[in-house]
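Below is the file protein_23.txt, which contains compact mmCIF, C-alpha atoms and all ligand atoms.
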```txt
# COMPACT_ATOMS: atom_id res chain seq x y z
CA MET A 309 7.48 20.08 -16.44
CA ALA A 310 6.14 20.36 -12.95
CA ILE A 311 2.56 19.40 -12.37
CA ARG A 312 0.55 22.55 -12.33
CA GLU A 313 -1.24 23.27 -9.14
CA THR A 314 -4.95 23.92 -9.44
CA TRP A 315 -6.98 26.21 -7.23
CA ALA A 316 -7.63 24.32 -4.06
CA THR A 317 -11.19 25.48 -3.82
CA ARG A 318 -13.79 27.05 -6.04
CA ILE A 319 -13.58 30.13 -3.94
CA GLY A 320 -9.79 30.44 -4.52
CA PHE A 321 -10.21 31.01 -8.23
CA ILE A 322 -13.21 33.28 -7.81
CA LEU A 323 -11.40 35.37 -5.21
CA ALA A 324 -8.35 35.79 -7.39
CA ALA A 325 -10.41 36.70 -10.45
CA VAL A 326 -12.67 39.05 -8.51
CA GLY A 327 -9.59 40.49 -6.81
CA SER A 328 -8.18 41.30 -10.23
CA ALA A 329 -11.45 42.68 -11.54
CA VAL A 330 -12.47 44.85 -8.61
CA GLY A 331 -10.15 47.80 -8.29
CA LEU A 332 -9.58 51.39 -9.30
CA GLY A 333 -11.56 50.66 -12.44
CA ASN A 334 -14.77 50.38 -10.43
CA ILE A 335 -14.29 53.05 -7.83
CA TRP A 336 -12.14 55.65 -9.58
CA ARG A 337 -12.49 55.18 -13.33
CA PHE A 338 -16.14 54.23 -13.66
CA PRO A 339 -17.59 57.21 -11.73
CA PHE A 340 -15.37 59.84 -13.36
CA LEU A 341 -15.91 58.49 -16.85
CA THR A 342 -19.66 58.29 -16.31
CA ALA A 343 -19.70 61.83 -14.96
CA GLU A 344 -17.61 63.10 -17.84
CA SER A 345 -19.66 61.25 -20.45
CA GLY A 346 -23.04 62.65 -19.52
CA GLY A 347 -24.28 60.13 -16.96
CA ALA A 348 -27.10 57.67 -17.55
CA ALA A 349 -26.63 57.09 -21.29
CA PHE A 350 -23.07 56.03 -20.55
CA LEU A 351 -24.26 53.67 -17.85
CA VAL A 352 -26.65 52.05 -20.33
CA ALA A 353 -23.95 51.62 -22.98
CA TYR A 354 -21.57 50.21 -20.38
CA LEU A 355 -24.04 47.67 -18.98
CA PHE A 356 -24.92 46.55 -22.49
CA LEU A 357 -21.27 46.02 -23.41
CA VAL A 358 -20.40 44.21 -20.21
CA ALA A 359 -23.12 41.66 -20.94
CA VAL A 360 -22.85 41.31 -24.71
CA ILE A 361 -19.10 41.79 -25.27
CA GLY A 362 -17.32 41.45 -21.93
CA LEU A 363 -18.86 38.19 -20.78
CA PRO A 364 -18.25 36.34 -24.08
CA VAL A 365 -14.63 37.53 -24.24
CA MET A 366 -14.05 36.50 -20.63
CA LEU A 367 -15.20 33.01 -21.56
CA VAL A 368 -12.71 32.90 -24.45
CA GLU A 369 -9.93 33.71 -22.01
CA PHE A 370 -11.17 31.06 -19.59
CA VAL A 371 -11.35 28.41 -22.28
CA ILE A 372 -7.84 29.14 -23.60
CA GLY A 373 -6.38 29.19 -20.10
CA ARG A 374 -8.00 26.04 -18.83
CA GLU A 375 -7.31 24.00 -21.90
CA SER A 376 -3.68 25.06 -22.34
CA LYS A 377 -2.70 25.33 -18.69
CA GLN A 378 -0.07 27.84 -19.80
CA ASN A 379 0.80 31.52 -19.49
CA VAL A 380 -0.55 34.00 -22.06
CA VAL A 381 2.14 33.44 -24.62
CA ASP A 382 2.61 29.67 -24.40
CA ALA A 383 -1.12 29.08 -24.26
CA PHE A 384 -1.56 29.45 -28.01
CA PRO A 385 1.08 26.97 -29.20
CA GLU A 386 -0.16 24.55 -26.58
CA ILE A 387 -3.64 24.43 -28.10
CA GLY A 388 -2.27 24.14 -31.62
CA ALA A 389 -2.36 27.81 -32.62
CA PRO A 390 1.26 29.03 -32.49
CA THR A 391 0.64 31.90 -34.91
CA TRP A 392 -1.69 33.50 -32.34
CA LYS A 393 1.10 33.85 -29.85
CA PHE A 394 1.30 37.57 -30.57
CA ILE A 395 -1.98 38.05 -28.68
CA GLY A 396 0.05 37.22 -25.60
CA ALA A 397 2.68 39.77 -26.56
CA ILE A 398 0.04 42.48 -27.00
CA GLY A 399 -1.33 41.50 -23.62
CA ALA A 400 2.06 41.86 -21.98
CA LEU A 401 2.47 45.27 -23.63
CA ALA A 402 -0.96 46.33 -22.40
CA GLY A 403 0.09 45.25 -18.92
CA PHE A 404 3.18 47.46 -19.06
CA VAL A 405 1.17 50.48 -20.09
CA ILE A 406 -1.68 49.92 -17.63
CA LEU A 407 0.44 49.20 -14.60
CA SER A 408 2.67 52.21 -15.34
CA TYR A 409 -0.19 54.59 -14.56
CA TYR A 410 -2.36 52.31 -12.40
CA SER A 411 0.44 52.54 -9.87
CA VAL A 412 0.25 56.34 -10.02
CA VAL A 413 -3.43 56.23 -9.09
CA GLY A 414 -2.55 53.59 -6.48
CA GLY A 415 -0.12 56.18 -5.11
CA TRP A 416 -2.94 58.72 -4.90
CA VAL A 417 -4.85 56.22 -2.79
CA ILE A 418 -1.94 55.94 -0.36
CA GLN A 419 -1.80 59.73 -0.13
CA TYR A 420 -5.51 59.78 0.66
CA MET A 421 -5.01 57.16 3.38
CA VAL A 422 -2.45 59.44 4.97
CA GLY A 423 -4.61 62.49 4.30
CA SER A 424 -7.54 60.86 6.09
CA LEU A 425 -5.52 60.52 9.26
CA THR A 426 -3.92 63.95 9.13
CA GLY A 427 -7.07 65.73 8.01
CA GLY A 428 -5.16 66.80 4.89
CA TYR A 429 -8.13 66.91 2.56
CA ALA A 430 -10.86 67.97 4.97
CA GLY A 431 -12.28 71.24 3.74
CA ASN A 432 -10.04 71.52 0.71
CA ALA A 433 -10.74 68.51 -1.44
CA GLU A 434 -9.80 70.24 -4.71
CA ALA A 435 -6.47 71.57 -3.48
CA PHE A 436 -5.52 68.22 -1.97
CA PHE A 437 -6.14 66.46 -5.24
CA GLY A 438 -4.10 69.08 -7.05
CA SER A 439 -1.04 68.48 -4.92
CA ALA A 440 -1.44 64.69 -4.81
CA ALA A 441 -2.15 63.97 -8.44
CA GLU A 442 0.83 65.20 -10.44
CA GLY A 443 4.41 66.09 -9.70
CA THR A 444 6.94 64.83 -7.18
CA ASN A 445 4.39 63.68 -4.57
CA ALA A 446 2.66 61.59 -7.18
CA LEU A 447 5.98 60.16 -8.33
CA ALA A 448 7.16 59.24 -4.84
CA TYR A 449 3.93 57.44 -3.97
CA ASP A 450 3.87 55.79 -7.39
CA LEU A 451 7.27 54.33 -6.55
CA LEU A 452 6.03 53.18 -3.16
CA PHE A 453 2.99 51.49 -4.69
CA MET A 454 5.13 49.74 -7.34
CA ALA A 455 7.59 48.57 -4.71
CA ILE A 456 4.78 46.98 -2.69
CA VAL A 457 3.34 45.24 -5.74
CA ALA A 458 6.78 44.02 -6.79
CA ALA A 459 7.46 42.69 -3.30
CA ILE A 460 4.20 40.74 -3.31
CA VAL A 461 4.83 39.29 -6.77
CA SER A 462 8.44 38.40 -6.07
CA PHE A 463 7.59 36.50 -2.92
CA GLY A 464 4.74 34.80 -4.75
CA VAL A 465 2.33 35.26 -1.88
CA ARG A 466 -0.83 34.71 -3.82
CA ASP A 467 -2.54 33.14 -0.81
CA GLY A 468 -2.09 36.28 1.18
CA LEU A 469 -3.78 38.27 -1.54
CA GLU A 470 -6.66 35.86 -1.76
CA ARG A 471 -7.18 36.28 1.93
CA ALA A 472 -6.93 40.04 1.51
CA ALA A 473 -9.57 39.92 -1.23
CA LYS A 474 -11.86 38.02 1.10
CA VAL A 475 -11.79 40.92 3.56
CA MET A 476 -11.57 43.67 0.98
CA ILE A 477 -14.63 42.87 -1.10
CA PRO A 478 -17.25 42.82 1.66
CA SER A 479 -15.62 45.86 3.28
CA VAL A 480 -15.65 47.85 0.07
CA VAL A 481 -19.27 46.92 -0.51
CA GLY A 482 -20.23 47.78 3.08
CA LEU A 483 -18.49 51.14 2.99
CA LEU A 484 -19.97 52.06 -0.37
CA VAL A 485 -23.43 51.20 0.90
CA LEU A 486 -22.81 53.40 3.91
CA LEU A 487 -21.63 56.30 1.76
CA ALA A 488 -24.51 55.86 -0.66
CA ALA A 489 -26.97 55.89 2.24
CA TYR A 490 -25.40 59.03 3.65
CA GLY A 491 -25.34 60.62 0.20
CA ALA A 492 -29.05 59.90 -0.17
CA THR A 493 -29.76 62.30 2.68
CA LEU A 494 -27.98 65.23 1.00
CA SER A 495 -29.83 67.99 -0.76
CA GLY A 496 -28.17 67.33 -4.13
CA ALA A 497 -29.00 63.64 -4.11
CA SER A 498 -32.02 63.57 -6.36
CA GLU A 499 -30.27 65.68 -8.99
CA GLY A 500 -27.31 63.32 -8.79
CA TYR A 501 -29.51 60.26 -9.24
CA ALA A 502 -31.29 61.85 -12.16
CA TYR A 503 -28.00 62.52 -13.91
CA TYR A 504 -26.62 59.07 -13.18
CA LEU A 505 -29.69 56.88 -13.55
CA SER A 506 -32.34 58.38 -15.76
CA PRO A 507 -31.35 58.71 -19.37
CA ASP A 508 -33.09 61.06 -21.74
CA LEU A 509 -35.13 58.45 -23.57
CA SER A 510 -35.65 60.55 -26.66
CA THR A 511 -31.92 60.60 -27.40
CA LEU A 512 -30.81 57.45 -25.59
CA VAL A 513 -30.04 55.22 -28.55
CA GLY A 514 -27.96 57.82 -30.35
CA ASP A 515 -26.20 58.88 -27.16
CA ALA A 516 -25.41 55.32 -26.18
CA ILE A 517 -23.98 54.55 -29.62
CA ALA A 518 -21.80 57.64 -29.46
CA LEU A 519 -20.52 56.49 -26.08
CA LEU A 520 -19.84 52.89 -27.14
CA PRO A 521 -16.08 53.33 -27.56
CA ASP A 522 -15.50 54.74 -24.08
CA ALA A 523 -17.94 52.29 -22.57
CA ALA A 524 -16.17 49.38 -24.27
CA GLY A 525 -12.81 50.52 -22.95
CA GLN A 526 -14.28 50.70 -19.46
CA ALA A 527 -15.90 47.27 -19.79
CA PHE A 528 -12.57 45.67 -20.71
CA PHE A 529 -10.58 47.54 -18.11
CA THR A 530 -12.93 46.86 -15.26
CA LEU A 531 -13.27 43.16 -16.06
CA SER A 532 -9.49 42.75 -16.55
CA LEU A 533 -10.03 41.56 -20.10
CA GLY A 534 -7.98 41.67 -23.27
CA MET A 535 -4.54 41.14 -21.80
CA GLY A 536 -4.53 37.58 -20.59
CA VAL A 537 -5.11 37.93 -16.86
CA MET A 538 -8.08 35.61 -17.11
CA ILE A 539 -6.11 33.21 -19.35
CA THR A 540 -3.46 33.00 -16.68
CA TYR A 541 -5.90 32.58 -13.80
CA ALA A 542 -7.99 29.98 -15.63
CA SER A 543 -4.83 28.01 -16.40
CA TYR A 544 -4.96 26.77 -12.83
CA LEU A 545 -8.60 25.77 -13.10
CA GLY A 546 -9.94 22.22 -12.82
CA GLU A 547 -12.01 20.66 -15.61
CA ASP A 548 -15.11 20.08 -13.57
CA ARG A 549 -15.83 23.77 -13.15
CA ASN A 550 -18.77 25.45 -14.83
CA MET A 551 -17.00 28.45 -16.32
CA LEU A 552 -20.17 30.16 -17.45
CA ARG A 553 -21.37 30.24 -13.87
CA ASP A 554 -18.00 31.50 -12.64
CA SER A 555 -17.84 34.25 -15.24
CA LEU A 556 -21.37 35.40 -14.43
CA LEU A 557 -20.49 35.66 -10.79
CA ILE A 558 -17.34 37.68 -11.49
CA VAL A 559 -19.16 40.01 -13.87
CA VAL A 560 -22.07 40.56 -11.49
CA VAL A 561 -19.82 41.32 -8.52
CA ASP A 562 -17.63 43.70 -10.51
CA THR A 563 -20.56 45.50 -12.11
CA SER A 564 -22.46 45.82 -8.83
CA ILE A 565 -19.47 47.44 -7.16
CA ALA A 566 -19.12 49.94 -10.00
CA ILE A 567 -22.82 50.85 -9.86
CA LEU A 568 -22.59 51.21 -6.11
CA ALA A 569 -19.54 53.47 -6.44
CA GLY A 570 -21.61 55.72 -8.70
CA LEU A 571 -24.42 55.76 -6.14
CA ALA A 572 -21.91 56.87 -3.54
CA VAL A 573 -20.16 59.51 -5.65
CA PHE A 574 -22.92 61.30 -7.60
CA PRO A 575 -24.95 62.70 -4.68
CA PHE A 576 -21.80 64.31 -3.26
CA LEU A 577 -20.84 65.87 -6.56
CA PHE A 578 -24.26 67.44 -6.95
CA ALA A 579 -24.49 68.40 -3.30
CA GLN A 580 -21.39 70.52 -3.82
CA GLY A 581 -22.47 71.88 -7.14
CA VAL A 582 -19.49 70.32 -8.93
CA ASP A 583 -20.10 70.26 -12.68
CA PRO A 584 -19.73 66.53 -13.34
CA GLY A 585 -18.61 67.10 -16.91
CA THR A 586 -15.47 69.02 -16.00
CA GLY A 587 -13.83 67.15 -13.13
CA GLY A 588 -11.87 64.69 -15.25
CA VAL A 589 -9.74 62.06 -13.55
CA GLY A 590 -10.03 63.89 -10.22
CA THR A 591 -13.83 63.73 -10.01
CA THR A 592 -14.03 60.61 -7.87
CA PHE A 593 -11.29 61.54 -5.43
CA VAL A 594 -12.60 65.05 -4.96
CA GLY A 595 -16.17 63.78 -4.51
CA LEU A 596 -15.20 61.11 -2.00
CA ALA A 597 -12.84 63.34 -0.05
CA SER A 598 -15.48 65.97 0.42
CA ALA A 599 -17.87 63.25 1.51
CA PHE A 600 -15.46 62.14 4.22
CA GLY A 601 -14.78 65.75 5.12
CA SER A 602 -18.43 66.23 6.04
CA LEU A 603 -19.26 62.78 7.39
CA PRO A 604 -19.44 62.20 11.15
CA ALA A 605 -16.25 60.31 12.08
CA GLY A 606 -15.17 60.97 8.52
CA GLN A 607 -11.46 60.64 9.31
CA VAL A 608 -11.85 57.06 10.48
CA VAL A 609 -14.34 56.07 7.80
CA GLY A 610 -12.18 57.76 5.17
CA PHE A 611 -9.07 55.96 6.30
CA VAL A 612 -10.79 52.58 6.29
CA PHE A 613 -12.29 53.29 2.88
CA PHE A 614 -8.98 54.26 1.27
CA ALA A 615 -7.24 51.34 2.97
CA MET A 616 -9.75 48.96 1.37
CA LEU A 617 -9.39 50.74 -1.96
CA PHE A 618 -5.65 50.29 -1.60
CA LEU A 619 -6.13 46.52 -1.15
CA ALA A 620 -8.47 46.46 -4.14
CA ALA A 621 -5.86 48.27 -6.23
CA LEU A 622 -3.13 45.90 -5.01
CA THR A 623 -4.96 42.72 -5.97
CA SER A 624 -5.55 44.17 -9.44
CA ALA A 625 -2.00 45.46 -9.89
CA PHE A 626 -0.72 42.10 -8.69
CA SER A 627 -2.64 40.35 -11.46
CA ILE A 628 -1.12 42.59 -14.11
CA LEU A 629 2.46 42.20 -12.92
CA GLU A 630 1.97 38.47 -12.39
CA VAL A 631 0.95 37.98 -16.03
CA ILE A 632 4.09 39.71 -17.27
CA VAL A 633 6.39 38.02 -14.77
CA SER A 634 5.08 34.51 -15.28
CA PHE A 635 5.46 34.81 -19.02
CA THR A 636 8.98 36.24 -18.66
CA ILE A 637 10.07 33.46 -16.32
CA ASP A 638 8.71 30.75 -18.59
CA THR A 639 10.09 32.32 -21.77
CA PHE A 640 13.57 33.39 -20.73
CA ASP A 641 14.21 30.90 -17.98
CA VAL A 642 15.11 33.54 -15.40
CA ASP A 643 14.41 33.56 -11.67
CA ARG A 644 11.28 35.12 -10.30
CA LYS A 645 12.86 37.70 -8.01
CA PRO A 646 15.29 39.39 -10.40
CA ALA A 647 12.73 39.22 -13.18
CA THR A 648 10.10 40.89 -11.02
CA VAL A 649 12.43 43.65 -9.85
CA ALA A 650 13.66 44.39 -13.38
CA ILE A 651 10.16 44.42 -14.89
CA ALA A 652 8.76 46.58 -12.10
CA ALA A 653 11.64 49.03 -12.57
CA VAL A 654 10.97 49.32 -16.29
CA ILE A 655 7.25 49.78 -15.68
CA PHE A 656 7.97 52.49 -13.15
CA LEU A 657 10.24 54.33 -15.62
CA VAL A 658 7.67 54.04 -18.39
CA GLY A 659 5.14 55.57 -16.00
CA VAL A 660 7.19 58.57 -14.87
CA PRO A 661 5.48 60.97 -17.32
CA THR A 662 2.06 59.85 -16.03
CA ALA A 663 3.06 60.75 -12.49
CA MET A 664 4.37 64.14 -13.56
CA SER A 665 1.41 65.19 -15.67
CA LEU A 666 -2.26 64.25 -15.84
CA ASP A 667 -2.14 64.78 -19.60
CA TYR A 668 0.20 61.81 -19.91
CA LEU A 669 -1.93 59.78 -17.56
CA THR A 670 -4.91 60.41 -19.79
CA LEU A 671 -2.90 59.54 -22.89
CA TYR A 672 -1.62 56.24 -21.47
CA ASP A 673 -5.11 55.43 -20.31
CA ALA A 674 -6.45 55.98 -23.82
CA ILE A 675 -3.71 53.88 -25.41
CA ALA A 676 -4.40 51.02 -23.00
CA ASN A 677 -8.18 51.03 -22.97
CA ARG A 678 -9.09 52.27 -26.40
CA ILE A 679 -6.41 50.39 -28.35
CA LEU A 680 -4.51 47.65 -26.57
CA LEU A 681 -7.23 45.94 -24.51
CA ILE A 682 -9.76 46.38 -27.31
CA GLY A 683 -7.29 45.06 -29.89
CA GLY A 684 -6.53 42.10 -27.64
CA GLY A 685 -10.25 41.48 -27.18
CA LEU A 686 -10.90 41.66 -30.91
CA LEU A 687 -8.19 39.13 -31.64
CA LEU A 688 -9.47 36.84 -28.88
CA ALA A 689 -12.98 37.03 -30.32
CA ILE A 690 -11.76 36.26 -33.84
CA PHE A 691 -9.64 33.43 -32.54
CA GLY A 692 -12.30 31.93 -30.27
CA GLY A 693 -15.22 32.50 -32.64
CA TRP A 694 -13.70 31.62 -35.99
CA PHE A 695 -10.43 29.72 -35.68
CA TYR A 696 -10.86 27.73 -32.56
CA ALA A 697 -14.62 27.43 -32.32
CA SER A 698 -14.94 23.68 -31.96
CA GLY A 699 -12.14 23.42 -29.41
CA ALA A 700 -13.60 26.34 -27.51
CA ARG A 701 -17.08 24.82 -27.47
CA GLU A 702 -15.79 21.50 -26.28
CA GLU A 703 -13.79 23.10 -23.50
CA LEU A 704 -16.65 25.29 -22.29
CA GLN A 705 -19.01 22.32 -22.25
CA LYS A 706 -16.86 20.50 -19.75
CA GLY A 707 -18.43 21.16 -16.39
CA MET A 708 -21.54 22.40 -18.17
CA PRO A 709 -23.50 19.34 -19.25
CA GLY A 710 -26.25 19.98 -21.74
CA GLY A 711 -24.92 23.38 -22.64
CA GLU A 712 -24.95 22.89 -26.44
CA THR A 713 -27.40 25.65 -27.26
CA LEU A 714 -25.67 28.10 -24.98
CA THR A 715 -22.23 27.40 -26.39
CA THR A 716 -23.54 27.73 -29.95
CA ALA A 717 -25.06 31.08 -29.09
CA TRP A 718 -21.79 32.12 -27.49
CA ILE A 719 -19.77 31.30 -30.62
CA TRP A 720 -22.15 33.26 -32.85
CA ILE A 721 -22.14 36.25 -30.54
CA LEU A 722 -18.35 36.23 -30.73
CA ARG A 723 -18.30 35.79 -34.48
CA ILE A 724 -20.46 38.71 -35.51
CA PRO A 725 -21.54 41.28 -32.92
CA VAL A 726 -18.42 41.13 -30.77
CA VAL A 727 -16.08 41.29 -33.75
CA LEU A 728 -17.97 44.14 -35.42
CA VAL A 729 -18.32 46.27 -32.31
CA LEU A 730 -14.70 45.81 -31.24
CA ALA A 731 -13.40 46.53 -34.75
CA TYR A 732 -15.36 49.77 -34.71
CA VAL A 733 -14.19 50.67 -31.21
CA LEU A 734 -10.58 49.95 -32.16
CA TYR A 735 -10.88 52.18 -35.21
CA THR A 736 -12.26 55.08 -33.16
CA GLY A 737 -9.57 54.51 -30.55
CA ILE A 738 -6.76 54.75 -33.08
CA ILE A 739 -8.22 58.00 -34.41
CA GLU A 740 -8.66 59.37 -30.93
CA VAL A 741 -5.15 58.56 -29.77
CA ALA A 742 -3.65 59.85 -33.02
CA GLY A 743 -5.51 63.09 -32.31
CA ILE A 744 -4.00 63.41 -28.81
CA VAL A 745 -0.42 62.60 -29.81
N1 LIG B 1 -9.87 45.39 -13.52
C1 LIG B 1 -8.97 46.23 -12.78
C2 LIG B 1 -9.78 47.36 -12.13
O1 LIG B 1 -10.94 47.52 -12.41
C3 LIG B 1 -7.87 46.79 -13.64
C4 LIG B 1 -7.17 45.80 -14.51
C5 LIG B 1 -7.15 45.97 -15.88
C6 LIG B 1 -6.58 44.67 -13.97
C7 LIG B 1 -6.55 45.04 -16.72
C8 LIG B 1 -5.98 43.74 -14.79
C9 LIG B 1 -5.95 43.93 -16.15
O2 LIG B 1 -9.25 48.12 -11.36
NA NA B 2 -13.08 46.37 -12.16
```
In C-alpha cells, how does this file's structure come out?
Amino acid sequence: MAIRETWATRIGFILAAVGSAVGLGNIWRFPFLTAESGGAAFLVAYLFLVAVIGLPVMLVEFVIGRESKQNVVDAFPEIGAPTWKFIGAIGALAGFVILSYYSVVGGWVIQYMVGSLTGGYAGNAEAFFGSAAEGTNALAYDLLFMAIVAAIVSFGVRDGLERAAKVMIPSVVGLLVLLAAYGATLSGASEGYAYYLSPDLSTLVGDAIALLPDAAGQAFFTLSLGMGVMITYASYLGEDRNMLRDSLLIVVVDTSIAILAGLAVFPFLFAQGVDPGTGGVGTTFVGLASAFGSLPAGQVVGFVFFAMLFLAALTSAFSILEVIVSFTIDTFDVDRKPATVAIAAVIFLVGVPTAMSLDYLTLYDAIANRILLIGGGLLLAIFGGWFYASGAREELQKGMPGGETLTTAWIWILRIPVVLVLAYVLYTGIIEVAGIV
C-alpha cells in the first residue's frame, strides 16, 4: 500500500475540517430550526449538546481515523474491530441521504447569487423563495451544484478547497458581522434578540429537554459528525497533534458562526413582522434576502454573501462525497473518476423528490439528522467508550502529554451520558419519522 500522505501543516487539517463543518448547517439550518423551535431555549439545548455530546463524539472519530489511517469502513478492521465495520456503512448511507438534499439547498444558494445580481428577490423575498425552492428550478440548480461537487471530487483538488476555505471563513464571518450590525439598527432588533437570546427561565429546563432531539440532530449535522467525515480527515493526521485542542478549535469556530448567523437573521425577521415559528426551511433565505433588499449596496453585498455561502456549502458537500468515494475506491478497486460520476448520479436521483417538494426535503432531513447521524454517533460512543476504551485513550494521549484525567473523563462521558442521550434521541427520531412516512 502506498504511504499515506499526512496534512502538510496543522492549518491544512484544521481548514479541511472547518471547511466541512461550516456550511449550510450554520447559516441556513441553525437559524430556521431555532426560529421554528421557539428561540432561546433551543439555543441553550444546542450549545449544551455541542459541548457534552458533539465534542466527545468528534474525538472518537479523530482517534479511530488517526490510529487506523483508513477510510470509514476499513478503519474498524484495521484497529482490530472488524464487526464494527457496519458503522462505516451507515455513515456512507447517511452521506447519500444528506448530500441528496444538501445539493438542493446548495442550488438555492446559486439561485440567490444570480438573484442578487438581477435584483430578482429585492422587494419580493417570499415569492422568490417560492419559485426557487421546489420544482424544476430547484431541480436544475440541484443538478448544477452536484455537477460542481462531482467535478471537484473527481479531480481530487483538495488543495484548492483548502485555499477556498481560507478565504471563505473570514469572509463569511465578516459579512455576518456586517449584517448583524446593520440588523441591530432596525426597529425589530430588540424583539428579535429577546426571542433568540433570552430564554424564559421559569420553563427553560423543561423546554430545553423537549428540544433535545432536534438540538442533537443539529449538533451532529453542523459538526459533520456521525458519518465518518472526521474519521476520514483524521486518517491523514500526524501523531504529534493534540486532537483535543484541534477539536475545540473546530467546535468553537463552527458554533460561533452559527450564533452569528442567528444574530444576523433574527432582527430582520422581527423587523418585517415575520412569525418565526411558521417560516420553516425558507426562514433564513427569506430573512436574508429581505435584508439585502433593504441594505445600501445590497445587490453587491448580497452577491458576495451568497458566493461565500456557496463556497461554504461546497467544502461541506465535498467532504460528504469524498467519504463515499474514497470508501468505494478502496473497497471495489475502481477508478476515482467513474466512481465519482456514478455515485454523484445516484445521489442526484435519490434527491429528485427533495428538489420537487419541500415535504420530501423535510423528510430526508429528518431521516438523516434524527436517525442516521444520531445512530452513527450512538454506535461510535458505544464503540469508543466501551469496546475500544483503552486503545482510544492511548491514541488521544499521543500529542497530549499528561492528559490522563481528561481522557478518563472523556471515556466516562461517552459511556453514560452520551450513550443515554443519543439512545433517547434515536428513539424519538424513529417515532417522528415513522409519523411522517
Ligand atoms: N456540517 C455541514 C454543515 O453544517 C454539513 C455536513 C453534515 C457535512 C454531515 C458533512 C457531514 O453545513
Ligand atoms: Na456546520
Would you compute an axis-aligned box for region 614-626 of chain A, covering every atom listed for it in the file with 3 Å of margin on each side, and report centre and edge lengths in Å to one decimal as JSON?
```
{"center_x": -5.2, "center_y": 48.2, "center_z": -3.5, "size_x": 15.0, "size_y": 18.2, "size_z": 18.9}
```
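Note that CA of Ser624 (chain A) and CA of Leu469 (chain A) are 10.0 Å apart.
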Could I get the residues of chain A with an atom no further than 6 Å from an atom of ligand NA 2 (chain B), each paired with its nearest atom pair and that distance in Å to one decimal, using all atoms listed in the file, sorted by chain and residue number, as JSON lines?
```
{"residue": "A:Ala329", "atom": "CA", "partner": "B:NA2", "partner_atom": "NA", "distance": 4.1}
{"residue": "A:Val330", "atom": "CA", "partner": "B:NA2", "partner_atom": "NA", "distance": 3.9}
{"residue": "A:Gly331", "atom": "CA", "partner": "B:NA2", "partner_atom": "NA", "distance": 5.1}
{"residue": "A:Gly333", "atom": "CA", "partner": "B:NA2", "partner_atom": "NA", "distance": 4.6}
{"residue": "A:Asn334", "atom": "CA", "partner": "B:NA2", "partner_atom": "NA", "distance": 4.7}
{"residue": "A:Thr530", "atom": "CA", "partner": "B:NA2", "partner_atom": "NA", "distance": 3.1}
{"residue": "A:Leu531", "atom": "CA", "partner": "B:NA2", "partner_atom": "NA", "distance": 5.1}
{"residue": "A:Asp562", "atom": "CA", "partner": "B:NA2", "partner_atom": "NA", "distance": 5.5}
```
So which one's closest to Ala579 (chain A), A:Gln378, A:Thr591, A:Ser598, A:Ser345? Using all atoms listed in the file, please.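 Ranking A:Gln378, A:Thr591, A:Ser598, A:Ser345 by distance to Ala579 (chain A), first place goes to A:Ser598.
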Quick one: residues within 8 Å of region 666-672 of chain A, only C-alpha atoms, excluding same-chain residues fewer than 6 positions away - as a PyMOL selection string? chain A and resi 405-406+409+441-442+741+744-745
Rounded to one decimal in Å, what is the spacing between CA of Gly711 (chain A) and CA of Phe695 (chain A)?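 Here the two named atoms are 20.5 Å from each other.
Nearest residue to ligand LIG 1 (chain B), choosing from A:Leu571, A:Val461, A:Leu657, A:Ala676 and counting only C-alpha atoms and all ligand atoms: A:Ala676.
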Using all atoms listed in the file, which residues sit within 9 Å of Gly570 (chain A) once same-chain residues fewer than 6 positions away are excluded, as JSON, numbers by chain? {"A": [334, 335, 338, 339, 340, 342, 343, 488, 504]}
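The spacing separating CA of Thr540 (chain A) from CA of Glu375 (chain A) amounts to 11.1 Å.
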Would you kindly identify which residues have an atom no farther than 12 Å from (-1.0, 34.0, -32.8), using all atoms listed in the file and the file's own coordinates, and write them out as a CSV table (one decimal) with C-alpha atoms, in the coordinates of the input?
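The file below, part_4.csv, is the result:
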```csv
chain,number,residue,atom,x,y,z
A,380,VAL,CA,-0.6,34.0,-22.1
A,381,VAL,CA,2.1,33.4,-24.6
A,382,ASP,CA,2.6,29.7,-24.4
A,383,ALA,CA,-1.1,29.1,-24.3
A,384,PHE,CA,-1.6,29.4,-28.0
A,385,PRO,CA,1.1,27.0,-29.2
A,386,GLU,CA,-0.2,24.6,-26.6
A,387,ILE,CA,-3.6,24.4,-28.1
A,388,GLY,CA,-2.3,24.1,-31.6
A,389,ALA,CA,-2.4,27.8,-32.6
A,390,PRO,CA,1.3,29.0,-32.5
A,391,THR,CA,0.6,31.9,-34.9
A,392,TRP,CA,-1.7,33.5,-32.3
A,393,LYS,CA,1.1,33.8,-29.8
A,394,PHE,CA,1.3,37.6,-30.6
A,395,ILE,CA,-2.0,38.0,-28.7
A,396,GLY,CA,0.0,37.2,-25.6
A,397,ALA,CA,2.7,39.8,-26.6
A,398,ILE,CA,0.0,42.5,-27.0
A,399,GLY,CA,-1.3,41.5,-23.6
A,684,GLY,CA,-6.5,42.1,-27.6
A,687,LEU,CA,-8.2,39.1,-31.6
A,688,LEU,CA,-9.5,36.8,-28.9
A,690,ILE,CA,-11.8,36.3,-33.8
A,691,PHE,CA,-9.6,33.4,-32.5
A,692,GLY,CA,-12.3,31.9,-30.3
A,695,PHE,CA,-10.4,29.7,-35.7
A,696,TYR,CA,-10.9,27.7,-32.6
```
At a cut-off of 9 Å and counting only C-alpha atoms and all ligand atoms, what residues surround ligand LIG 1 (chain B)? Please answer as a PyMOL selection string. chain A and resi 326-338+402-403+406-407+410+526-538+562+566+620-621+623-629+676-677+681
If you count only C-alpha atoms, which residues fall within 12 Å of Lys645 (chain A), apart from same-chain ones fewer than 3 positions away, as an MDAnalysis selection string? chainID A and resid 458:464 630 633:634 636:637 642 648:652
Residues of the last selection are to be written out with C-alpha atoms, as a CSV table (one decimal), in the coordinates of the input.
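Contents of result-v2.csv, freshly written:
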```
chain,number,residue,atom,x,y,z
A,458,ALA,CA,6.8,44.0,-6.8
A,459,ALA,CA,7.5,42.7,-3.3
A,460,ILE,CA,4.2,40.7,-3.3
A,461,VAL,CA,4.8,39.3,-6.8
A,462,SER,CA,8.4,38.4,-6.1
A,463,PHE,CA,7.6,36.5,-2.9
A,464,GLY,CA,4.7,34.8,-4.8
A,630,GLU,CA,2.0,38.5,-12.4
A,633,VAL,CA,6.4,38.0,-14.8
A,634,SER,CA,5.1,34.5,-15.3
A,636,THR,CA,9.0,36.2,-18.7
A,637,ILE,CA,10.1,33.5,-16.3
A,642,VAL,CA,15.1,33.5,-15.4
A,648,THR,CA,10.1,40.9,-11.0
A,649,VAL,CA,12.4,43.6,-9.8
A,650,ALA,CA,13.7,44.4,-13.4
A,651,ILE,CA,10.2,44.4,-14.9
A,652,ALA,CA,8.8,46.6,-12.1
```
